[in-house]
Structures are given as structure tokens and as C-alpha cells.
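What follows is the content of run.pdb, which has PDB, C-alpha atoms:
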ATOM      1  CA  ASP V   1     -10.802 -49.488 -68.432
ATOM      2  CA  SER V   2     -11.490 -48.643 -64.792
ATOM      3  CA  ASN V   3      -8.609 -50.809 -63.551
ATOM      4  CA  ASP V   4      -6.169 -48.880 -65.729
ATOM      5  CA  ASP V   5      -7.594 -45.580 -64.404
ATOM      6  CA  ASP V   6      -7.138 -46.759 -60.805
ATOM      7  CA  LYS V   7      -3.543 -47.753 -61.526
ATOM      8  CA  ASN V   8      -2.802 -44.420 -63.192
ATOM      9  CA  ASN V   9      -4.296 -42.516 -60.256
ATOM     10  CA  LYS V  10      -2.136 -44.445 -57.784
ATOM     11  CA  ASP V  11       0.960 -43.489 -59.755
ATOM     12  CA  LYS V  12       0.116 -39.775 -59.575
ATOM     13  CA  PRO V  13       1.503 -37.638 -56.718
ATOM     14  CA  GLN V  14      -0.994 -37.381 -53.874
ATOM     15  CA  LEU V  15      -1.835 -33.821 -52.919
ATOM     16  CA  VAL V  16      -1.687 -32.923 -49.242
ATOM     17  CA  PRO V  17      -4.958 -31.422 -48.014
ATOM     18  CA  PRO V  18      -4.594 -27.649 -47.713
ATOM     19  CA  GLY V  19      -3.849 -26.400 -44.208
ATOM     20  CA  ALA V  20      -3.187 -22.718 -44.736
ATOM     21  CA  VAL V  21      -4.104 -19.716 -46.833
ATOM     22  CA  ILE V  22      -1.567 -17.240 -48.191
ATOM     23  CA  VAL V  23      -2.900 -13.721 -48.705
ATOM     24  CA  LEU V  24      -0.838 -11.502 -51.000
ATOM     25  CA  GLN V  25      -1.123  -7.748 -51.408
ATOM     26  CA  ALA V  26       0.476  -5.615 -54.100
ATOM     27  CA  ILE V  27       2.184  -2.591 -52.534
ATOM     28  CA  ASP V  28       2.879   0.496 -54.639
ATOM     29  CA  THR V  29       6.197   1.792 -53.308
ATOM     30  CA  GLN V  30       6.226   4.707 -55.765
ATOM     31  CA  THR V  31       3.139   6.587 -54.629
ATOM     32  CA  GLU V  32       1.523   4.760 -51.711
ATOM     33  CA  TYR V  33       4.161   3.252 -49.401
ATOM     34  CA  TYR V  34       7.855   3.540 -48.609
ATOM     35  CA  GLN V  35      10.593   1.879 -46.546
ATOM     36  CA  THR V  36      13.458   3.681 -44.870
ATOM     37  CA  SER V  37      15.905   3.463 -41.982
ATOM     38  CA  PRO V  38      16.499   5.154 -39.623
ATOM     39  CA  ILE V  39      13.074   6.664 -39.082
ATOM     40  CA  SER V  40      11.672   9.733 -37.331
ATOM     41  CA  LEU V  41       9.805   9.769 -34.033
ATOM     42  CA  PRO V  42       6.361  10.060 -35.693
ATOM     43  CA  GLU V  43       7.230   7.168 -38.004
ATOM     44  CA  CYS V  44       8.405   5.106 -35.049
ATOM     45  CA  ARG V  45       5.149   5.749 -33.207
ATOM     46  CA  ARG V  46       3.176   4.481 -36.212
ATOM     47  CA  CYS V  47       5.335   1.366 -36.442
ATOM     48  CA  LEU V  48       4.927   0.603 -32.749
ATOM     49  CA  ALA V  49       1.158   1.118 -32.990
ATOM     50  CA  ALA V  50       1.074  -1.476 -35.784
ATOM     51  CA  ALA V  51       3.106  -3.899 -33.677
ATOM     52  CA  ALA V  52       0.738  -3.330 -30.769
ATOM     53  CA  GLN V  53      -2.150  -4.398 -32.996
ATOM     54  CA  LEU V  54      -0.324  -7.646 -33.777
ATOM     55  CA  HIS V  55       0.351  -8.268 -30.083
ATOM     56  CA  ALA V  56      -3.226  -7.463 -29.088
ATOM     57  CA  ALA V  57      -4.692  -9.765 -31.742
ATOM     58  CA  ALA V  58      -3.232 -12.822 -29.998
ATOM     59  CA  TRP V  59      -3.398 -11.556 -26.433
ATOM     60  CA  GLN V  60      -4.836 -14.240 -24.118
ATOM     61  CA  GLN V  61      -5.985 -16.283 -27.126
ATOM     62  CA  GLU V  62      -5.070 -19.616 -25.530
ATOM     63  CA  THR V  63      -5.924 -21.889 -28.464
ATOM     64  CA  LEU V  64      -4.004 -19.727 -30.915
ATOM     65  CA  LEU V  65      -0.973 -19.336 -28.649
ATOM     66  CA  LYS V  66      -0.772 -23.056 -27.887
ATOM     67  CA  LYS V  67      -0.820 -23.862 -31.597
ATOM     68  CA  ALA V  68       1.727 -21.158 -32.351
ATOM     69  CA  ALA V  69       4.029 -22.477 -29.635
ATOM     70  CA  THR V  70       4.060 -25.938 -31.204
ATOM     71  CA  GLU V  71       4.172 -24.953 -34.883
ATOM     72  CA  LEU V  72       6.300 -21.803 -34.859
ATOM     73  CA  SER V  73       9.743 -21.055 -33.487
ATOM     74  CA  ARG V  74      10.414 -19.473 -30.101
ATOM     75  CA  ALA V  75      10.831 -16.150 -31.908
ATOM     76  CA  SER V  76      14.238 -14.908 -32.951
ATOM     77  CA  PHE V  77      15.211 -13.536 -29.542
ATOM     78  CA  HIS V  78      15.849 -16.972 -28.021
ATOM     79  CA  LEU V  79      19.330 -18.440 -28.395
ATOM     80  CA  SER V  80      17.920 -21.829 -29.396
ATOM     81  CA  VAL V  81      16.836 -20.427 -32.770
ATOM     82  CA  ARG V  82      19.949 -18.354 -33.411
ATOM     83  CA  ASN V  83      23.067 -19.446 -35.243
ATOM     84  CA  PRO V  84      25.502 -20.591 -32.489
ATOM     85  CA  ARG V  85      28.290 -18.786 -34.333
ATOM     86  CA  GLU V  86      26.677 -15.434 -33.505
ATOM     87  CA  LEU V  87      27.332 -15.928 -29.798
ATOM     88  CA  ALA V  88      30.626 -17.748 -30.237
ATOM     89  CA  THR V  89      32.125 -14.835 -32.185
ATOM     90  CA  SER V  90      30.456 -12.006 -30.234
ATOM     91  CA  VAL V  91      33.502 -11.137 -28.106
ATOM     92  CA  ALA V  92      35.849 -10.993 -31.086
ATOM     93  CA  THR V  93      33.265  -9.034 -33.091
ATOM     94  CA  TRP V  94      33.037  -6.408 -30.364
ATOM     95  CA  GLU V  95      36.790  -6.098 -29.842
ATOM     96  CA  GLU V  96      37.925  -6.348 -33.464
ATOM     97  CA  HIS V  97      35.065  -4.634 -35.307
ATOM     98  CA  PHE V  98      32.771  -2.460 -33.224
ATOM     99  CA  LEU V  99      35.382  -0.875 -30.936
ATOM    100  CA  PRO V 100      37.700   0.206 -33.779
ATOM    101  CA  THR V 101      34.774   1.340 -35.923
ATOM    102  CA  PHE V 102      33.300   3.599 -33.240
ATOM    103  CA  ARG V 103      36.553   4.624 -31.531
ATOM    104  CA  ALA V 104      36.265   8.280 -32.526
ATOM    105  CA  GLN V 105      32.697   8.561 -31.255
ATOM    106  CA  LEU V 106      33.562   6.793 -28.004
ATOM    107  CA  GLN V 107      36.555   9.047 -27.453
ATOM    108  CA  GLU V 108      34.467  12.137 -28.157
ATOM    109  CA  ALA V 109      31.933  10.951 -25.573
ATOM    110  CA  ARG V 110      34.799  10.177 -23.152
ATOM    111  CA  LEU V 111      33.790   6.514 -23.016
ATOM    112  CA  TRP V 112      36.742   4.897 -24.760
ATOM    113  CA  ASP V 113      38.883   4.436 -21.636
ATOM    114  CA  GLN V 114      36.112   3.027 -19.497
ATOM    115  CA  PRO V 115      36.691  -0.671 -18.659
ATOM    116  CA  SER V 116      32.950  -1.340 -18.926
ATOM    117  CA  ILE V 117      33.038  -0.307 -22.605
ATOM    118  CA  GLN V 118      36.164  -2.286 -23.434
ATOM    119  CA  SER V 119      34.715  -5.416 -21.798
ATOM    120  CA  LEU V 120      31.182  -5.046 -23.166
ATOM    121  CA  GLY V 121      31.601  -7.961 -25.598
ATOM    122  CA  LYS V 122      32.649 -10.300 -22.789
ATOM    123  CA  ARG V 123      29.768  -9.166 -20.576
ATOM    124  CA  MET V 124      27.262  -9.707 -23.382
ATOM    125  CA  PHE V 125      28.633 -13.206 -23.917
ATOM    126  CA  GLN V 126      28.365 -14.025 -20.211
ATOM    127  CA  LEU V 127      24.799 -12.718 -19.903
ATOM    128  CA  ALA V 128      23.423 -13.921 -23.260
ATOM    129  CA  GLU V 129      21.766 -17.080 -21.954
ATOM    130  CA  TYR V 130      20.181 -15.269 -19.001
ATOM    131  CA  VAL V 131      18.847 -12.453 -21.209
ATOM    132  CA  SER V 132      17.559 -15.003 -23.727
ATOM    133  CA  GLU V 133      15.481 -16.693 -21.033
ATOM    134  CA  GLN V 134      14.222 -13.405 -19.590
ATOM    135  CA  VAL V 135      12.848 -12.124 -22.913
ATOM    136  CA  THR V 136      11.174 -15.447 -23.743
ATOM    137  CA  PRO V 137       8.015 -16.542 -21.903
ATOM    138  CA  PRO V 138       8.352 -20.038 -20.385
ATOM    139  CA  SER V 139       5.107 -21.169 -22.019
ATOM    140  CA  ALA V 140       2.460 -19.954 -24.418
ATOM    141  CA  LEU V 141       0.103 -19.297 -21.496
ATOM    142  CA  ALA V 142       2.582 -17.351 -19.389
ATOM    143  CA  PRO V 143       1.588 -13.819 -18.356
ATOM    144  CA  HIS V 144       2.196 -11.303 -21.157
ATOM    145  CA  ALA V 145       2.899 -14.010 -23.772
ATOM    146  CA  THR V 146       1.587 -13.192 -27.229
ATOM    147  CA  LEU V 147       2.544 -13.374 -30.899
ATOM    148  CA  ILE V 148       5.480 -11.140 -31.770
ATOM    149  CA  HIS V 149       7.115 -10.224 -35.060
ATOM    150  CA  GLY V 150      10.590 -11.267 -33.935
ATOM    151  CA  ASP V 151      12.566  -9.137 -36.414
ATOM    152  CA  PHE V 152      10.919  -5.763 -36.026
ATOM    153  CA  LYS V 153      13.412  -3.440 -37.687
ATOM    154  CA  ALA V 154      12.479  -0.407 -39.738
ATOM    155  CA  MET V 155      13.010  -2.100 -43.103
ATOM    156  CA  ASN V 156      10.384  -4.711 -42.228
ATOM    157  CA  VAL V 157       7.689  -2.045 -42.258
ATOM    158  CA  PHE V 158       5.964  -0.260 -45.143
ATOM    159  CA  LEU V 159       4.839   3.230 -44.125
ATOM    160  CA  PRO V 160       2.112   5.160 -45.980
ATOM    161  CA  GLN V 161       3.270   8.053 -48.143
ATOM    162  CA  THR V 162       1.873  11.494 -47.358
ATOM    163  CA  ARG V 163       1.120  13.773 -50.271
ATOM    164  CA  ASN V 164       2.108  17.441 -50.272
ATOM    165  CA  ASP V 165       2.949  17.378 -46.561
ATOM    166  CA  SER V 166      -0.693  16.646 -45.781
ATOM    167  CA  ASN V 167      -2.380  13.862 -43.877
ATOM    168  CA  ASP V 168      -4.092  12.415 -46.948
ATOM    169  CA  ASN V 169      -2.761   8.901 -46.371
ATOM    170  CA  ASN V 170      -2.839   8.814 -42.591
ATOM    171  CA  ASP V 171      -5.831   6.493 -42.721
ATOM    172  CA  LYS V 172      -3.800   3.902 -44.620
ATOM    173  CA  PRO V 173      -2.491   1.081 -42.428
ATOM    174  CA  VAL V 174       1.154   0.501 -41.669
ATOM    175  CA  ILE V 175       2.122  -2.836 -43.251
ATOM    176  CA  LEU V 176       4.442  -5.283 -41.498
ATOM    177  CA  VAL V 177       6.434  -7.722 -43.657
ATOM    178  CA  ASP V 178       8.914 -10.598 -43.234
ATOM    179  CA  PHE V 179       7.274 -12.868 -40.679
ATOM    180  CA  ALA V 180      10.006 -15.515 -40.839
ATOM    181  CA  SER V 181      10.818 -14.980 -37.141
ATOM    182  CA  VAL V 182       7.283 -14.686 -35.773
ATOM    183  CA  GLY V 183       6.526 -16.736 -32.676
ATOM    184  CA  VAL V 184       5.292 -16.651 -29.106
ATOM    185  CA  GLY V 185       7.198 -14.053 -27.118
ATOM    186  CA  LEU V 186       6.961 -10.799 -25.195
ATOM    187  CA  GLY V 187       5.658  -7.765 -27.053
ATOM    188  CA  VAL V 188       8.228  -5.557 -25.353
ATOM    189  CA  SER V 189      10.923  -7.470 -27.269
ATOM    190  CA  ASP V 190       9.574  -6.077 -30.536
ATOM    191  CA  VAL V 191       9.406  -2.613 -28.981
ATOM    192  CA  ALA V 192      12.988  -2.734 -27.730
ATOM    193  CA  MET V 193      14.373  -4.019 -31.021
ATOM    194  CA  HIS V 194      12.512  -1.425 -33.054
ATOM    195  CA  ILE V 195      13.567   1.518 -30.903
ATOM    196  CA  HIS V 196      17.262   0.656 -30.831
ATOM    197  CA  HIS V 197      17.386  -0.491 -34.463
ATOM    198  CA  ALA V 198      15.222   2.118 -36.176
ATOM    199  CA  MET V 199      15.826   5.405 -34.360
ATOM    200  CA  THR V 200      18.780   7.768 -34.418
ATOM    201  CA  PRO V 201      20.849   8.324 -31.248
ATOM    202  CA  ASP V 202      19.675  11.947 -31.125
ATOM    203  CA  ASP V 203      16.026  10.860 -30.985
ATOM    204  CA  LEU V 204      16.825   8.281 -28.342
TER     205      LEU V 204
END

Structure rendered as C-alpha cells:
Amino acid sequence: DSNDDDKNNKDKPQLVPPGAVIVLQAIDTQTEYYQTSPISLPECRRCLAAAAQLHAAAWQQETLLKKAATELSRASFHLSVRNPRELATSVATWEEHFLPTFRAQLQEARLWDQPSIQSLGKRMFQLAEYVSEQVTPPSALAPHATLIHGDFKAMNVFLPQTRNDSNDNNDKPVILVDFASVGVGLGVSDVAMHIHHAMTPDDL
């Protein structure tokens, strides 16, 4: 009976029309790709080149950036998308964790007794809101605004393996992963995070 069919159809969950496509790729981490941290200078250059491709893809794409600004977060560098506890505990974290942990290195570098080092946690807390605004474009159409990764550390990148110290796999693309923090931002934010997070102090 058609009436019974109509009733049964009304009782079924209604599917939402599709609005996105998820593309998955299997990555062979045994022979083709690897993750590591920290990374070397050549590896860092390859990672930054991949990030530059992401930034360039959305550069001055007004329609895309407007949509991204309304449907994505403000990227992870803005305080509005961070856990408030991170900032609230930053002074104590610096004084009770980082200073004691790196005391030997700071003393060796003759930095331990400097007031600017001891008070770094307080200065970061005082400047956090200002820095947050400076590294976040005021709108999607602001100069230099583009799509950024937002969490561009070394472990969010798959690098191609090279075989027998050759360049066999140099034509393989670097693969970025974990786009949970992607949003409209400044490309230099990705660059700064990657350099300080992924490289060793000696390379810096």
C-alpha cells in the first residue's frame, strides 16, 4: 500500500545532502614516507615549500577565504580558539617547569641570572593578547591573509624516504596531515611555528 510506504519513509532518518568530499590516501611509512622530529635543514626546507604551496593555493582567492572565515576557526594562533587555561597557567608553567628543567643550559649560556629570563613567563602573559591580534589578519580579505595549517610541527608532515642515499624519491610530494587547526591566517605563522618547533638549536 502506497500510504504505508509513505508512512514508513517518514519514519526513516532523513539524510542531509552531501556538502563535502573526504579524500583518503594510504601512506606506506615503511618504504615510502616517514615522520620525525626534530628535522634537518634540508627536511625543513621541503616542509616549508609544502606549506608555501598551501598558502599560495588560497592566496587572494576571495570567495574561498570568505567561506573559510565563516566556516573554519581563526586558526590555532588566536587566543579565542585556545583553551583559556593555557594562558592562565603560563606564568606558573614557566617558573615551575621550564626554568627548573633548563636551568643547567641557561647557566651554561650565562642567561640564568638575567631578569629578562626569569620574568619571561610574566612578559609572555602580558603580551599574549597583543601578539594574538598581530598574527591574525583582521578579515579574510586583509593583505597577506590566506589559508594556513595552524599546527605546522614536524610530526604533522610525512616526508618521502630516499633510497640508498639517492634522490630516487625527491619527486614525491611532502604530505601535510592533521588539518584540525586550519583557518584563515598569516602564512608566516606556519613558518615561525615550524622553524622553532622542528629544528634543533644548533641549526637555528

Between V:Val157, V:Ser73, V:Ala58, V:Pro84, single out the one closest to Ile27 (chain V), counting only C-alpha atoms.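 Checking each candidate against Ile27 (chain V), we get V:Val157 as the closest.
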
With a cut-off of 8 Å, could you pull out the residues of region 154-196 of chain V touching region 38-55 of chain V and give me the nearest pair of atoms for each, distance in Å to one decimal, using all atoms listed in the file, ordered by chain and ascending number, as a Markdown table?
| residue | atom | partner | partner_atom | distance |
| --- | --- | --- | --- | --- |
| V:Ala154 | CA | V:Pro38 | CA | 6.9 |
| V:Val157 | CA | V:Cys47 | CA | 7.1 |
| V:Leu159 | CA | V:Glu43 | CA | 7.7 |
| V:Pro173 | CA | V:Ala50 | CA | 8.0 |
| V:Val174 | CA | V:Ala50 | CA | 6.2 |
| V:Ile175 | CA | V:Ala50 | CA | 7.7 |
| V:Leu176 | CA | V:Ala50 | CA | 7.6 |
| V:Gly187 | CA | V:His55 | CA | 6.1 |
| V:Asp190 | CA | V:Ala51 | CA | 7.5 |
| V:Val191 | CA | V:Leu48 | CA | 6.7 |
| V:His194 | CA | V:Leu48 | CA | 7.9 |
| V:Ile195 | CA | V:Cys44 | CA | 7.5 |

Counting all atoms listed in the file, the residue of V:Trp94, V:Gly150, V:Gln161, V:Asp203 that sits nearest Val177 (chain V):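 The closest residue to Val177 (chain V) is V:Gly150.
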
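Taking CA of Pro115 (chain V) and CA of His196 (chain V) as endpoints, the distance between them is 23.0 Å.
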
Build an axis-aligned box that encloses every atom of region 63-82 of chain V listed in the file, pad it by 5 Å on each side, and report its centre and edge lengths in Å to one decimal, as AutoDock Vina command-line options.
--center_x 7.0 --center_y -19.7 --center_z -31.4 --size_x 35.9 --size_y 22.4 --size_z 17.0

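For region 146-149 of chain V, the residues within 8 Å (counting all atoms listed in the file, excluding itself and residues fewer than 4 positions away along the chain) are V:Ala51, V:Leu54, V:His55, V:Ala56, V:Ala58, V:Trp59, V:Gln60, V:Leu65, V:Ala68, V:Ala75, V:Ala140, V:Phe179, V:Ser181, V:Val182, V:Gly183, V:Val184, V:Gly185, V:Leu186, V:Gly187, V:Ser189, V:Asp190.
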
Please enumerate the residues selected by the PyMOL selection byres ((chain V and resi 160) around 7) when evaluated against the supplied file, formatted as an MDAnalysis selection string. chainID V and resid 32:34 158:159 161:162 169 172 174

Using C-alpha atoms, can you export the residues from the last selection as a JSON list (two decimals), keeping the file's coordinate frame?
[["chain", "number", "residue", "atom", "x", "y", "z"],
["V", 32, "GLU", "CA", 1.52, 4.76, -51.71],
["V", 33, "TYR", "CA", 4.16, 3.25, -49.40],
["V", 34, "TYR", "CA", 7.86, 3.54, -48.61],
["V", 158, "PHE", "CA", 5.96, -0.26, -45.14],
["V", 159, "LEU", "CA", 4.84, 3.23, -44.12],
["V", 161, "GLN", "CA", 3.27, 8.05, -48.14],
["V", 162, "THR", "CA", 1.87, 11.49, -47.36],
["V", 169, "ASN", "CA", -2.76, 8.90, -46.37],
["V", 172, "LYS", "CA", -3.80, 3.90, -44.62],
["V", 174, "VAL", "CA", 1.15, 0.50, -41.67]]

Between V:Leu79, V:Val135, V:Ser119, V:Ala192, which one has atoms that come closest to Glu95 (chain V), using all atoms listed in the file?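 Of V:Leu79, V:Val135, V:Ser119, V:Ala192, the one nearest Glu95 (chain V) is V:Ser119, counting all atoms listed in the file.
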
Nearest to Pro201 (chain V) by atom-to-atom distance, counting all atoms listed in the file, from V:Asp113, V:Ala180, V:His78, V:Gln105: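 For Pro201 (chain V), the nearest of the given residues is V:Gln105.
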
May I ask for the distance between CA of Phe152 (chain V) and CA of Leu204 (chain V), given in Å to one decimal place? 17.1 Å

When you draw a straight line from CA of Thr89 (chain V) to CA of Lys153 (chain V), how long is it in Å?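 Result for CA of Thr89 (chain V) versus CA of Lys153 (chain V): 22.6 Å, one decimal.
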
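All residues of protein, DNA or RNA that reach within 12 Å of Glu86 (chain V), judged by all atoms listed in the file and not counting those fewer than 6 positions away in the chain, are Leu79, Ser80, Ala92, Thr93, Trp94, Gly121, Met124, Phe125 and Ala128 of chain V.
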
Please fill the gaps in region 101-120 of chain V so it has N, CA and C atoms, and write that as a compact mmCIF listing (two decimals), in the coordinates of the input.
# COMPACT_ATOMS: atom_id res chain seq x y z
N THR V 101 35.66 0.57 -35.04
CA THR V 101 34.77 1.34 -35.92
C THR V 101 34.25 2.59 -35.24
N PHE V 102 33.91 2.48 -33.95
CA PHE V 102 33.30 3.60 -33.24
C PHE V 102 34.27 4.26 -32.25
N ARG V 103 35.56 4.07 -32.46
CA ARG V 103 36.55 4.62 -31.53
C ARG V 103 36.44 6.15 -31.43
N ALA V 104 36.33 6.81 -32.55
CA ALA V 104 36.26 8.28 -32.53
C ALA V 104 35.06 8.77 -31.74
N GLN V 105 33.90 8.14 -31.97
CA GLN V 105 32.70 8.56 -31.26
C GLN V 105 32.82 8.28 -29.75
N LEU V 106 33.39 7.14 -29.42
CA LEU V 106 33.56 6.79 -28.00
C LEU V 106 34.55 7.73 -27.32
N GLN V 107 35.60 8.11 -28.03
CA GLN V 107 36.56 9.05 -27.45
C GLN V 107 35.93 10.42 -27.28
N GLU V 108 35.14 10.84 -28.26
CA GLU V 108 34.47 12.14 -28.16
C GLU V 108 33.52 12.17 -26.97
N ALA V 109 32.86 11.03 -26.71
CA ALA V 109 31.93 10.95 -25.57
C ALA V 109 32.65 10.60 -24.26
N ARG V 110 33.97 10.51 -24.32
CA ARG V 110 34.80 10.18 -23.15
C ARG V 110 34.43 8.81 -22.55
N LEU V 111 34.15 7.87 -23.45
CA LEU V 111 33.79 6.51 -23.02
C LEU V 111 34.86 5.49 -23.36
N TRP V 112 35.79 5.87 -24.23
CA TRP V 112 36.74 4.90 -24.76
C TRP V 112 37.57 4.22 -23.66
N ASP V 113 37.99 4.97 -22.66
CA ASP V 113 38.88 4.44 -21.64
C ASP V 113 38.15 3.72 -20.50
N GLN V 114 36.85 3.68 -20.57
CA GLN V 114 36.11 3.03 -19.50
C GLN V 114 36.19 1.50 -19.64
N PRO V 115 36.60 0.79 -18.59
CA PRO V 115 36.69 -0.67 -18.66
C PRO V 115 35.37 -1.33 -19.04
N SER V 116 34.25 -0.74 -18.62
CA SER V 116 32.95 -1.34 -18.93
C SER V 116 32.66 -1.34 -20.42
N ILE V 117 33.21 -0.36 -21.15
CA ILE V 117 33.04 -0.31 -22.60
C ILE V 117 33.96 -1.32 -23.28
N GLN V 118 35.21 -1.36 -22.84
CA GLN V 118 36.16 -2.29 -23.43
C GLN V 118 35.73 -3.74 -23.24
N SER V 119 35.10 -4.03 -22.11
CA SER V 119 34.72 -5.42 -21.80
C SER V 119 33.27 -5.74 -22.15
N LEU V 120 32.60 -4.85 -22.88
CA LEU V 120 31.18 -5.05 -23.17
C LEU V 120 30.92 -6.36 -23.91
